[in-house]
file entry.tsv (TSV, C-alpha atoms)
chain	number	residue	atom	x	y	z
A	30	MET	CA	-27.08	-25.93	8.39
A	31	GLY	CA	-23.68	-25.38	10.04
A	32	ASN	CA	-21.45	-22.41	9.62
A	33	ILE	CA	-19.17	-22.48	6.60
A	34	ASN	CA	-15.51	-21.98	7.47
A	35	ARG	CA	-14.00	-18.96	5.80
A	36	ALA	CA	-11.43	-19.64	3.11
A	37	VAL	CA	-9.15	-16.75	2.20
A	38	CYS	CA	-6.34	-17.14	-0.30
A	39	HIS	CA	-3.45	-14.71	0.03
A	40	LEU	CA	-1.21	-14.28	-3.00
A	41	ASN	CA	2.12	-12.61	-2.22
A	42	ILE	CA	4.30	-11.49	-5.13
A	43	ILE	CA	7.65	-10.85	-3.49
A	44	GLY	CA	9.39	-7.77	-4.87
A	45	PHE	CA	6.40	-6.84	-7.04
A	46	ARG	CA	8.08	-3.93	-8.84
A	47	ALA	CA	11.18	-5.99	-9.54
A	48	ALA	CA	9.09	-8.99	-10.64
A	49	VAL	CA	7.22	-6.83	-13.14
A	50	ALA	CA	10.49	-5.37	-14.44
A	51	ALA	CA	12.01	-8.85	-14.94
A	52	GLN	CA	8.87	-10.09	-16.68
A	53	LYS	CA	8.97	-7.07	-19.00
A	54	ASP	CA	12.71	-7.28	-19.73
A	55	GLY	CA	14.03	-10.83	-19.91
A	56	ALA	CA	17.63	-9.58	-19.79
A	57	LEU	CA	17.11	-8.77	-16.09
A	58	ARG	CA	16.23	-12.32	-15.10
A	59	GLY	CA	18.86	-13.97	-12.98
A	60	ARG	CA	20.67	-10.67	-12.37
A	61	PRO	CA	20.88	-8.49	-9.27
A	62	PHE	CA	19.05	-5.19	-9.82
A	63	VAL	CA	17.02	-2.70	-7.80
A	64	VAL	CA	14.16	-0.28	-8.25
A	65	ALA	CA	14.75	3.16	-6.70
A	66	GLY	CA	12.56	6.24	-6.74
A	67	ALA	CA	15.45	8.68	-7.10
A	68	THR	CA	19.21	8.89	-7.29
A	69	GLY	CA	21.61	10.71	-5.03
A	70	GLY	CA	22.45	10.62	-1.34
A	71	ARG	CA	18.88	10.25	-0.03
A	72	ALA	CA	17.70	7.63	-2.53
A	73	LEU	CA	16.43	4.35	-1.09
A	74	VAL	CA	15.99	0.91	-2.59
A	75	LEU	CA	12.24	0.46	-3.12
A	76	ASP	CA	12.39	-3.07	-4.49
A	77	LEU	CA	14.95	-5.60	-5.65
A	78	SER	CA	15.45	-8.89	-7.43
A	79	PRO	CA	16.05	-12.14	-5.49
A	80	GLU	CA	19.64	-12.09	-6.76
A	81	ALA	CA	20.15	-8.61	-5.26
A	82	LEU	CA	18.77	-9.89	-1.95
A	83	ARG	CA	21.33	-12.69	-1.96
A	84	GLU	CA	24.06	-10.06	-2.46
A	85	GLY	CA	23.08	-8.45	0.84
A	86	ILE	CA	20.85	-5.65	-0.49
A	87	SER	CA	17.53	-5.08	1.27
A	88	PRO	CA	14.45	-2.87	0.78
A	89	GLY	CA	14.87	0.54	2.39
A	90	MET	CA	18.67	0.41	2.10
A	91	ALA	CA	20.39	3.56	0.90
A	92	LEU	CA	21.02	3.25	-2.82
A	93	ALA	CA	24.62	4.35	-2.35
A	94	VAL	CA	25.23	1.40	0.00
A	95	ALA	CA	23.59	-1.02	-2.45
A	96	GLU	CA	25.80	0.23	-5.27
A	97	ARG	CA	28.88	-0.42	-3.14
A	98	LEU	CA	27.74	-4.00	-2.54
A	99	VAL	CA	27.19	-4.80	-6.22
A	100	ARG	CA	29.42	-3.27	-8.85
A	101	ASP	CA	27.58	-1.78	-11.86
A	102	LEU	CA	24.24	-2.47	-10.17
A	103	PRO	CA	21.34	-1.80	-12.58
A	104	VAL	CA	19.03	0.81	-11.03
A	105	LEU	CA	15.54	1.07	-12.51
A	106	ALA	CA	13.05	3.89	-12.06
A	107	PRO	CA	9.52	2.98	-10.92
A	108	ASP	CA	7.19	2.13	-13.81
A	109	PRO	CA	3.62	2.85	-12.62
A	110	ALA	CA	2.08	2.12	-16.04
A	111	SER	CA	3.53	-1.40	-16.12
A	112	TYR	CA	2.49	-2.03	-12.51
A	113	ALA	CA	-1.07	-0.97	-13.33
A	114	ALA	CA	-1.14	-3.21	-16.42
A	115	MET	CA	0.10	-6.19	-14.40
A	116	ASN	CA	-2.49	-5.55	-11.70
A	117	ARG	CA	-5.25	-5.54	-14.30
A	118	GLU	CA	-4.10	-8.93	-15.58
A	119	LEU	CA	-3.85	-10.36	-12.08
A	120	GLU	CA	-7.33	-9.09	-11.26
A	121	LYS	CA	-8.73	-10.70	-14.41
A	122	ILE	CA	-7.45	-14.06	-13.21
A	123	ALA	CA	-8.64	-13.49	-9.64
A	124	SER	CA	-12.14	-12.52	-10.76
A	125	VAL	CA	-12.67	-15.93	-12.41
A	126	TYR	CA	-12.24	-17.79	-9.12
A	127	ALA	CA	-13.36	-15.36	-6.41
A	128	PRO	CA	-16.55	-13.28	-6.23
A	129	ILE	CA	-14.70	-10.85	-3.96
A	130	TYR	CA	-11.00	-10.07	-4.16
A	131	GLU	CA	-8.75	-7.32	-2.81
A	132	ASN	CA	-5.55	-5.94	-4.30
A	133	ASP	CA	-3.20	-3.52	-2.59
A	134	GLN	CA	-1.49	-2.83	-5.96
A	135	PHE	CA	1.93	-3.82	-4.57
A	136	GLY	CA	1.86	-7.59	-4.90
A	137	ASN	CA	-0.67	-8.63	-2.25
A	138	LEU	CA	-3.99	-10.06	-3.37
A	139	TYR	CA	-6.66	-11.58	-1.13
A	140	LEU	CA	-9.32	-13.82	-2.66
A	141	ASP	CA	-12.41	-14.84	-0.69
A	142	LEU	CA	-12.92	-18.46	-1.74
A	143	THR	CA	-15.61	-19.14	0.86
A	144	GLY	CA	-18.39	-21.23	-0.67
A	145	THR	CA	-16.65	-21.75	-4.03
A	146	ALA	CA	-15.79	-25.45	-3.52
A	147	ARG	CA	-18.68	-26.65	-5.68
A	148	LEU	CA	-17.30	-24.70	-8.61
A	149	PHE	CA	-13.55	-25.07	-8.21
A	150	GLY	CA	-13.00	-27.78	-5.62
A	151	PRO	CA	-11.27	-27.38	-2.23
A	152	ALA	CA	-9.70	-23.99	-1.63
A	153	ALA	CA	-6.14	-25.34	-1.74
A	154	ASP	CA	-6.78	-26.98	-5.13
A	155	CYS	CA	-8.29	-23.74	-6.39
A	156	ALA	CA	-5.23	-21.80	-5.19
A	157	SER	CA	-2.98	-24.24	-7.04
A	158	ARG	CA	-4.93	-23.63	-10.26
A	159	ILE	CA	-4.62	-19.87	-9.78
A	160	LEU	CA	-0.85	-20.14	-9.35
A	161	ARG	CA	-0.50	-22.17	-12.55
A	162	GLU	CA	-2.65	-19.73	-14.49
A	163	MET	CA	-0.70	-16.70	-13.28
A	164	LEU	CA	2.58	-18.33	-14.28
A	165	GLU	CA	1.25	-19.28	-17.73
A	166	ARG	CA	-0.49	-15.99	-18.51
A	167	VAL	CA	1.70	-13.30	-16.97
A	168	GLY	CA	4.92	-15.08	-16.02
A	169	ILE	CA	4.54	-14.29	-12.32
A	170	ARG	CA	5.02	-16.95	-9.62
A	171	PRO	CA	3.57	-15.79	-6.25
A	172	ALA	CA	3.62	-17.46	-2.87
A	173	ALA	CA	0.10	-18.54	-1.88
A	174	ALA	CA	-1.58	-19.43	1.40
A	175	VAL	CA	-5.09	-20.62	2.20
A	176	ALA	CA	-6.30	-19.79	5.70
A	177	GLY	CA	-9.35	-18.75	7.67
A	178	ASN	CA	-8.54	-15.04	7.58
A	179	LYS	CA	-6.35	-12.48	5.85
A	180	LEU	CA	-3.90	-12.11	8.74
A	181	VAL	CA	-2.96	-15.78	9.05
A	182	GLY	CA	-2.75	-16.05	5.27
A	183	LYS	CA	-0.33	-13.13	5.14
A	184	ILE	CA	1.91	-14.63	7.82
A	185	ALA	CA	1.78	-18.01	6.08
A	186	THR	CA	3.01	-16.67	2.74
A	187	ARG	CA	5.88	-14.98	4.55
A	188	THR	CA	7.02	-18.38	5.84
A	189	ILE	CA	7.31	-19.91	2.33
A	190	ARG	CA	8.24	-16.95	0.14
A	191	PRO	CA	9.32	-16.33	-2.55
A	192	MET	CA	7.03	-19.06	-3.94
A	193	GLY	CA	4.99	-22.11	-3.02
A	194	LEU	CA	1.60	-23.02	-1.55
A	195	ILE	CA	0.62	-23.63	2.08
A	196	GLN	CA	-2.72	-24.29	3.77
A	197	ILE	CA	-3.54	-23.59	7.42
A	198	GLN	CA	-6.53	-25.72	8.41
A	199	ALA	CA	-9.34	-24.22	10.48
A	200	GLY	CA	-8.43	-24.61	14.14
A	201	GLY	CA	-4.77	-25.11	13.36
A	202	GLU	CA	-3.82	-21.43	13.61
A	203	PRO	CA	-2.33	-21.53	17.17
A	204	ASP	CA	-0.09	-24.50	16.36
A	205	PHE	CA	1.07	-22.82	13.15
A	206	LEU	CA	1.78	-19.43	14.74
A	207	ILE	CA	3.31	-20.46	18.05
A	208	HIS	CA	6.93	-20.93	16.92
A	209	GLN	CA	7.00	-18.47	14.01
A	210	ASP	CA	9.56	-15.68	14.25
A	211	LEU	CA	8.09	-12.44	15.60
A	212	CYS	CA	9.44	-10.51	12.61
A	213	LEU	CA	6.83	-12.25	10.41
A	214	LEU	CA	3.97	-10.61	12.31
A	215	PRO	CA	2.38	-7.66	10.45
A	216	GLY	CA	2.87	-4.44	12.39
A	217	MET	CA	6.16	-5.46	14.02
A	218	GLY	CA	8.50	-2.76	12.77
A	219	PRO	CA	12.14	-2.30	13.82
A	220	SER	CA	11.27	-0.30	16.95
A	221	LEU	CA	8.74	-2.84	18.26
A	222	LEU	CA	11.10	-5.72	17.46
A	223	ARG	CA	13.82	-4.04	19.52
A	224	THR	CA	11.38	-3.67	22.43
A	225	ALA	CA	10.41	-7.33	22.13
A	226	ALA	CA	14.05	-8.44	21.98
A	227	VAL	CA	14.90	-6.57	25.19
A	228	THR	CA	12.17	-8.52	27.01
A	229	GLY	CA	13.20	-11.84	25.48
A	230	LEU	CA	10.25	-12.22	23.11
A	231	ARG	CA	11.35	-14.03	19.95
A	232	GLU	CA	8.33	-16.00	18.74
A	233	ILE	CA	4.75	-15.07	17.89
A	234	GLY	CA	3.44	-17.54	20.46
A	235	GLU	CA	5.30	-15.76	23.25
A	236	LEU	CA	3.63	-12.46	22.38
A	237	ALA	CA	0.25	-14.23	22.15
A	238	CYS	CA	0.57	-15.35	25.79
A	239	LEU	CA	0.80	-11.81	27.20
A	240	SER	CA	-2.03	-10.49	29.37
A	241	ASP	CA	-3.74	-7.19	28.54
A	242	GLY	CA	-1.67	-5.38	31.15
A	243	GLU	CA	1.62	-6.88	30.01
A	244	ALA	CA	0.92	-6.08	26.35
A	245	ILE	CA	0.09	-2.45	27.14
A	246	ALA	CA	3.09	-2.05	29.45
A	247	LEU	CA	5.45	-3.31	26.75
A	248	PHE	CA	3.98	-1.84	23.58
A	249	GLY	CA	1.81	1.07	24.70
A	250	LYS	CA	-1.73	1.81	23.54
A	251	HIS	CA	-1.46	-0.58	20.59
A	252	GLY	CA	-0.30	-3.45	22.79
A	253	ARG	CA	-3.58	-5.37	23.04
A	254	ARG	CA	-4.19	-5.12	19.31
A	255	LEU	CA	-0.66	-6.39	18.65
A	256	ARG	CA	-1.18	-9.26	21.12
A	257	ASP	CA	-4.49	-10.20	19.43
A	258	THR	CA	-2.71	-10.14	16.07
A	259	ALA	CA	-0.23	-12.66	17.48
A	260	ARG	CA	-3.20	-14.87	18.36
A	261	GLY	CA	-4.30	-14.83	14.72
A	262	ILE	CA	-7.46	-12.86	15.48
A	263	ASP	CA	-8.71	-11.05	12.38
A	264	ASP	CA	-12.33	-10.61	11.36
A	265	SER	CA	-11.64	-8.07	8.62
A	266	PRO	CA	-13.45	-8.97	5.39
A	267	VAL	CA	-11.93	-9.16	1.95
A	268	VAL	CA	-12.93	-5.75	0.61
A	269	ALA	CA	-13.14	-5.01	-3.10
A	270	ALA	CA	-11.52	-1.58	-2.83
A	271	PHE	CA	-9.65	0.04	-5.72
A	272	LEU	CA	-10.11	-3.09	-7.81
A	273	GLY	CA	-10.36	-2.81	-11.56
A	274	GLU	CA	-11.22	0.85	-11.12
A	275	ARG	CA	-9.61	3.93	-12.53
A	276	ARG	CA	-7.37	5.77	-10.12
A	277	ILE	CA	-5.10	8.78	-10.08
A	278	GLU	CA	-1.85	8.55	-8.15
A	279	LYS	CA	0.53	11.37	-7.22
A	280	HIS	CA	3.85	10.93	-5.46
A	281	LEU	CA	5.76	13.60	-3.52
A	282	GLU	CA	9.39	13.23	-2.43
A	283	LEU	CA	9.94	15.79	0.31
A	284	ALA	CA	13.04	17.94	-0.15
A	285	GLU	CA	14.11	16.96	3.36
A	286	ASP	CA	12.88	14.28	5.76
A	287	THR	CA	10.56	16.08	8.16
A	288	LEU	CA	8.30	15.86	11.20
A	289	ASP	CA	6.99	19.41	10.70
A	290	PHE	CA	3.24	19.00	10.27
A	291	ASP	CA	2.92	22.37	8.54
A	292	VAL	CA	5.25	21.04	5.83
A	293	ILE	CA	3.32	17.76	5.70
A	294	ARG	CA	0.02	19.62	5.43
A	295	GLY	CA	1.44	21.72	2.60
A	296	GLY	CA	2.59	18.55	0.85
A	297	LEU	CA	-0.87	17.01	1.17
A	298	MET	CA	-2.44	20.15	-0.28
A	299	LEU	CA	0.04	20.16	-3.17
A	300	LEU	CA	-0.81	16.53	-3.89
A	301	ALA	CA	-4.50	17.39	-3.73
A	302	GLU	CA	-4.03	20.28	-6.16
A	303	THR	CA	-2.12	18.25	-8.74
A	304	GLY	CA	-4.30	15.17	-8.44
A	305	GLY	CA	-7.52	17.15	-8.22
A	306	ILE	CA	-7.06	19.18	-11.38
A	307	GLU	CA	-6.21	16.02	-13.34
A	308	MET	CA	-9.27	14.26	-11.95
A	309	ARG	CA	-11.65	17.13	-12.66
A	310	GLY	CA	-10.19	17.53	-16.14
A	311	GLN	CA	-11.50	14.04	-16.88
A	312	LYS	CA	-14.83	14.92	-15.23
A	313	TRP	CA	-14.40	12.46	-12.37
A	314	GLY	CA	-14.99	12.68	-8.64
A	315	ALA	CA	-13.27	10.49	-6.02
A	316	GLY	CA	-15.14	8.05	-3.80
A	317	ALA	CA	-12.00	7.13	-1.86
A	318	VAL	CA	-8.72	8.75	-0.84
A	319	ALA	CA	-5.66	6.67	0.09
A	320	LEU	CA	-2.14	7.53	1.24
A	321	GLY	CA	1.15	5.66	1.24
A	322	ILE	CA	3.69	7.25	3.59
A	323	VAL	CA	7.38	6.30	3.67
A	324	TYR	CA	9.35	7.07	6.83
A	325	ALA	CA	13.00	8.08	6.79
A	326	ASP	CA	14.00	4.48	7.59
A	327	GLY	CA	12.19	3.20	4.49
A	328	VAL	CA	9.19	1.66	6.29
A	329	ARG	CA	5.93	2.28	4.41
A	330	VAL	CA	2.50	2.66	6.02
A	331	GLU	CA	-0.82	3.02	4.27
A	332	GLY	CA	-4.33	4.22	5.01
A	333	GLN	CA	-7.51	5.02	3.17
A	334	GLU	CA	-10.92	6.56	3.65
A	335	LYS	CA	-14.09	5.69	1.79
A	336	LEU	CA	-16.15	8.84	1.35
A	337	ARG	CA	-19.89	9.23	1.83
A	338	ARG	CA	-20.10	11.43	-1.24
A	339	LEU	CA	-17.79	12.20	-4.13
A	340	CYS	CA	-14.77	14.28	-3.23
A	341	VAL	CA	-14.24	16.97	-5.88
A	342	THR	CA	-12.47	20.11	-4.67
A	343	ASP	CA	-8.84	20.43	-3.63
A	344	ARG	CA	-9.97	21.44	-0.15
A	345	ASP	CA	-12.07	18.29	0.29
A	346	ILE	CA	-9.31	16.04	-1.09
A	347	ALA	CA	-6.70	17.60	1.20
A	348	GLY	CA	-9.06	17.33	4.18
A	349	ALA	CA	-9.62	13.63	3.57
A	350	ALA	CA	-5.89	13.09	3.01
A	351	GLU	CA	-5.08	14.82	6.30
A	352	ARG	CA	-7.52	12.58	8.19
A	353	VAL	CA	-5.97	9.49	6.62
A	354	TYR	CA	-2.46	10.73	7.43
A	355	LEU	CA	-3.25	11.35	11.10
A	356	LYS	CA	-4.67	7.84	11.47
A	357	ALA	CA	-1.91	6.07	9.56
A	358	VAL	CA	1.18	7.80	10.96
A	359	VAL	CA	1.78	6.72	14.55
A	360	ARG	CA	5.59	6.72	14.74
A	361	ARG	CA	7.56	9.77	15.86
A	362	LEU	CA	9.89	9.49	12.90
A	363	ARG	CA	10.59	11.85	10.02
A	364	VAL	CA	8.62	11.36	6.81
A	365	ARG	CA	10.42	11.03	3.47
A	366	SER	CA	7.66	10.74	0.87
A	367	ILE	CA	3.88	10.65	0.45
A	368	THR	CA	1.78	9.04	-2.27
A	369	LEU	CA	-1.84	10.13	-2.76
A	370	THR	CA	-4.30	7.87	-4.57
A	371	LEU	CA	-7.71	9.10	-5.69
A	372	GLY	CA	-9.81	5.98	-6.20
A	373	ASP	CA	-13.35	4.79	-6.82
A	374	LEU	CA	-13.55	7.45	-9.56
A	375	ARG	CA	-17.03	8.12	-10.89
A	376	PRO	CA	-18.52	10.48	-13.49
A	377	LEU	CA	-18.87	13.98	-12.16
A	378	GLY	CA	-21.84	16.25	-12.63
A	379	TRP	CA	-21.16	19.84	-11.64
A	380	SER	CA	-24.85	20.72	-11.31
A	381	PRO	CA	-25.57	21.27	-7.61
A	382	ASP	CA	-27.62	18.66	-5.80
A	383	LEU	CA	-31.01	19.88	-4.61
A	384	PHE	CA	-29.84	19.53	-1.03
A	385	GLU	CA	-26.32	20.88	-1.55
A	386	ILE	CA	-25.51	23.60	0.93
A	387	ALA	CA	-24.56	27.06	-0.29
A	388	GLU	CA	-20.98	26.73	1.00
A	389	ASP	CA	-20.41	23.68	-1.24
A	390	THR	CA	-21.71	25.56	-4.28
A	391	LYS	CA	-19.40	28.47	-3.46
A	392	GLN	CA	-16.38	26.15	-3.11
A	393	ARG	CA	-17.09	24.43	-6.42
A	394	LYS	CA	-17.36	27.73	-8.25
A	395	LEU	CA	-14.12	28.88	-6.64
A	396	GLN	CA	-12.51	25.61	-7.72
A	397	GLU	CA	-13.67	26.06	-11.31
A	398	ALA	CA	-12.12	29.52	-11.39
A	399	ALA	CA	-8.83	28.25	-9.96
A	400	ASP	CA	-8.73	25.41	-12.50
A	401	LYS	CA	-9.15	27.87	-15.37
A	402	VAL	CA	-6.15	29.89	-14.18
A	403	ARG	CA	-3.98	26.80	-13.67
A	404	ASN	CA	-4.92	25.25	-16.99
A	405	LYS	CA	-3.96	28.46	-18.76
A	406	TYR	CA	-0.82	29.49	-16.87
A	407	GLY	CA	0.37	26.31	-15.12
A	408	LEU	CA	-0.09	24.73	-11.70
A	409	ALA	CA	2.63	26.80	-10.05
A	410	MET	CA	0.88	30.06	-10.94
A	411	LEU	CA	-1.86	29.66	-8.33
A	412	THR	CA	-1.66	27.79	-5.05
A	413	THR	CA	-2.93	28.03	-1.48
A	414	GLY	CA	-1.49	29.68	1.59
A	415	THR	CA	-1.02	26.22	3.09
A	416	VAL	CA	1.52	25.33	0.40
A	417	LEU	CA	3.24	28.71	0.64
A	418	VAL	CA	3.61	28.43	4.42
A	419	ALA	CA	5.11	24.96	4.02
A	420	SER	CA	7.60	26.24	1.45
A	421	ARG	CA	8.71	29.07	3.73
A	422	ARG	CA	9.33	26.70	6.65
A	423	GLY	CA	11.79	24.63	4.64
A	424	PRO	CA	12.99	23.81	1.13
A	425	ALA	CA	10.36	24.40	-1.54
A	426	LEU	CA	7.97	21.57	-2.29
A	427	ALA	CA	8.51	20.22	-5.79
A	428	LEU	CA	5.54	19.39	-7.99
A	429	PRO	CA	4.51	15.76	-7.47
A	430	VAL	CA	4.83	13.08	-10.12
A	431	GLY	CA	2.06	10.64	-10.79
A	432	SER	CA	0.22	8.12	-12.88
A	433	ASN	CA	-3.30	7.57	-14.09
A	434	ALA	CA	-4.41	3.95	-14.21

call {"tool": "encode", "arguments": {"input": "entry.tsv", "output": "structure tokens"}}
result
Amino acid sequence: MGNINRAVCHLNIIGFRAAVAAQKDGALRGRPFVVAGATGGRALVLDLSPEALREGISPGMALAVAERLVRDLPVLAPDPASYAAMNRELEKIASVYAPIYENDQFGNLYLDLTGTARLFGPAADCASRILREMLERVGIRPAAAVAGNKLVGKIATRTIRPMGLIQIQAGGEPDFLIHQDLCLLPGMGPSLLRTAAVTGLREIGELACLSDGEAIALFGKHGRRLRDTARGIDDSPVVAAFLGERRIEKHLELAEDTLDFDVIRGGLMLLAETGGIEMRGQKWGAGAVALGIVYADGVRVEGQEKLRRLCVTDRDIAGAAERVYLKAVVRRLRVRSITLTLGDLRPLGWSPDLFEIAEDTKQRKLQEAADKVRNKYGLAMLTTGTVLVASRRGPALALPVGSNA
């Protein structure tokens, strides 16, 4: 029996936050509006409607600039509860057609349709059915691509967005990618695009032709990986992470954009403290820790770590968050905000495991005592030296805001 070609469907909801807002409030449809996490001089546009895009507004733009472009521009605050509700509905639809599906919670879903043809027909036909069902049930119209891997599918949806359906046949990836604009390639941020432009690289196919040495000389230690991405090489599986599960999310806007790792570490600990006490109050432990980091130029990077055992204490959460941060943040650019997500939440039993080391037992007892003080007098009453050091090195860290989905 021959190998079965992989079939991955990528669903891309352009401007996810704005799309949810327009679906929730019909008065916004057809109007330029933006979603911004704050107001004031440092506020950035997080998301926007297609009409706002046509007015010259773009994600990551300073809100003050956007408001000068469009008079009386509606500015909406993020609505995590509505985003979570929409994701649950999208996942319900996805689960009917795909045994394994992945959702990044911000409008990108990957469905592994490999081997489902007997049930739902060819993958492209199945994707078409999914699009119709999403439009009918939740009023959302994504762009969809069917390809042999997640990477090519993601690039393909970028070529047809904001909506539509495209299929890249197995073996047709090089012909599809060769003349696509380099800006469509995941991982090509503004800095790398400037480097590419200086050397005359404009298309994905031109980057794909580089040798190992040329790729490293141009783009540094990540050059070969970037070159392989341009060749459409991606063996990453569709991973059912954070899907349909409860999660706790905390968001921290730093008082000032910073590169100071002591301040960053203090922010991670503060996020761990606020997320951890909420999680333990519901008698949950975390099986995964994820971060979303926004640079000063508005570019967002993400990372996550699946844990071998449940993460319970603030110290363990902060430790995992720090490891994720160090892997995810590779640019020497100031950081503006951090979002911590505690996922894969499972019931927590405080009774020590038979093989639990004494240090773990001591830390859990210390954590219980700290939680009692904070629950009685407030979170700000008791914190760690890490947070205090961070506060002394710059403006005080404000308590994070968050959601529980």

call {"tool": "closest_atom_pairs", "arguments": {"input": "entry.tsv", "of": "region 119-183 of chain A", "to": "region 247-262 of chain A", "cutoff": "9 Å", "atoms": "only C-alpha atoms", "output": "JSON lines"}}
result
{"residue": "A:Asn178", "atom": "CA", "partner": "A:Ile262", "partner_atom": "CA", "distance": 8.3}
{"residue": "A:Leu180", "atom": "CA", "partner": "A:Gly261", "partner_atom": "CA", "distance": 6.6}
{"residue": "A:Val181", "atom": "CA", "partner": "A:Gly261", "partner_atom": "CA", "distance": 5.9}

call {"tool": "closest_residue", "arguments": {"input": "entry.tsv", "among": "A:Thr303, A:Thr370, A:Asn41, A:Gln396", "to": "Gly182 (chain A)", "atoms": "only C-alpha atoms"}}
result
A:Asn41

call {"tool": "closest_residue", "arguments": {"input": "entry.tsv", "among": "A:Gln311, A:Asn137, A:Thr188, A:Thr228", "to": "Asp210 (chain A)", "atoms": "all atoms listed in the file"}}
result
A:Thr188

call {"tool": "closest_residue", "arguments": {"input": "entry.tsv", "among": "A:Ser220, A:Gln392, A:Ser240, A:Thr368", "to": "His280 (chain A)", "atoms": "only C-alpha atoms"}}
result
A:Thr368

call {"tool": "atom_distance", "arguments": {"input": "entry.tsv", "atom1": "CA of Tyr354 (chain A)", "atom2": "CA of Val330 (chain A)"}}
result
9.6 Å

call {"tool": "closest_residue", "arguments": {"input": "entry.tsv", "among": "A:Ile42, A:Ala51, A:Leu371, A:Ala95", "to": "Pro171 (chain A)", "atoms": "only C-alpha atoms"}}
result
A:Ile42

call {"tool": "residues_around", "arguments": {"input": "entry.tsv", "residues": "region 55-69 of chain A", "least_positions_apart": "6", "cutoff": "6 Å", "atoms": "all atoms listed in the file", "output": "MDAnalysis selection string"}}
result
chainID A and resid 75:78 80:81 102:106

call {"tool": "closest_residue", "arguments": {"input": "entry.tsv", "among": "A:Lys53, A:Arg365, A:Lys394, A:Arg403", "to": "Ile169 (chain A)", "atoms": "all atoms listed in the file"}}
result
A:Lys53

call {"tool": "closest_residue", "arguments": {"input": "entry.tsv", "among": "A:Glu307, A:Ala246, A:Tyr130, A:Ser87", "to": "Ala225 (chain A)", "atoms": "all atoms listed in the file"}}
result
A:Ala246

call {"tool": "atom_distance", "arguments": {"input": "entry.tsv", "atom1": "CA of Glu302 (chain A)", "atom2": "CA of Glu351 (chain A)"}}
result
13.6 Å

call {"tool": "residues_around", "arguments": {"input": "entry.tsv", "residues": "Pro191 (chain A)", "least_positions_apart": "2", "cutoff": "7 Å", "atoms": "only C-alpha atoms", "output": "PDB file with C-alpha atoms, in the coordinates of the input"}}
result
ATOM      1  CA  ILE A  43       7.650 -10.850  -3.490  1.00  0.00           C
ATOM      2  CA  PRO A 171       3.570 -15.790  -6.250  1.00  0.00           C
ATOM      3  CA  ALA A 172       3.620 -17.460  -2.870  1.00  0.00           C
ATOM      4  CA  ILE A 189       7.310 -19.910   2.330  1.00  0.00           C
TER       5      ILE A 189
END

call {"tool": "residues_around", "arguments": {"input": "entry.tsv", "residues": "Ala349 (chain A)", "least_positions_apart": "4", "cutoff": "8 Å", "atoms": "all atoms listed in the file", "output": "list in words"}}
result
Val318, Glu334, Asp345 and Val353 of chain A

call {"tool": "axis_aligned_box", "arguments": {"input": "entry.tsv", "around": "region 143-149 of chain A", "padding_each_side": "4 Å", "output": "lines of an AutoDock Vina configuration file"}}
result
center_x = -16.1
center_y = -22.9
center_z = -3.9
size_x = 13.1
size_y = 15.5
size_z = 17.5

call {"tool": "atom_distance", "arguments": {"input": "entry.tsv", "atom1": "CA of Leu73 (chain A)", "atom2": "CA of Gly327 (chain A)"}}
result
7.1 Å

call {"tool": "residues_around", "arguments": {"input": "entry.tsv", "residues": "Pro203 (chain A)", "least_positions_apart": "2", "cutoff": "8 Å", "atoms": "all atoms listed in the file", "output": "VMD selection string"}}
result
chain A and resid 200 to 201 205 to 207 234 260 to 261

call {"tool": "write_last_selection", "arguments": {"input": "entry.tsv", "atoms": "C-alpha atoms", "output": "short mmCIF file (atom, residue, chain, number, x, y, z; two decimals), keeping the file's coordinate frame"}}
result
data_model
loop_
_atom_site.label_atom_id
_atom_site.label_comp_id
_atom_site.auth_asym_id
_atom_site.auth_seq_id
_atom_site.Cartn_x
_atom_site.Cartn_y
_atom_site.Cartn_z
CA GLY A 200 -8.43 -24.61 14.14
CA GLY A 201 -4.77 -25.11 13.36
CA PHE A 205 1.07 -22.82 13.15
CA LEU A 206 1.78 -19.43 14.74
CA ILE A 207 3.31 -20.46 18.05
CA GLY A 234 3.44 -17.54 20.46
CA ARG A 260 -3.20 -14.87 18.36
CA GLY A 261 -4.30 -14.83 14.72
#

call {"tool": "residues_around", "arguments": {"input": "entry.tsv", "residues": "Arg352 (chain A)", "least_positions_apart": "2", "cutoff": "12 Å", "atoms": "all atoms listed in the file", "output": "list in words"}}
result
Arg294, Leu297, Val318, Ala319, Leu320, Gly332, Gln333, Glu334, Lys335, Leu336, Asp345, Ile346, Ala347, Gly348, Ala349, Ala350, Tyr354, Leu355, Lys356, Ala357 and Val358 of chain A
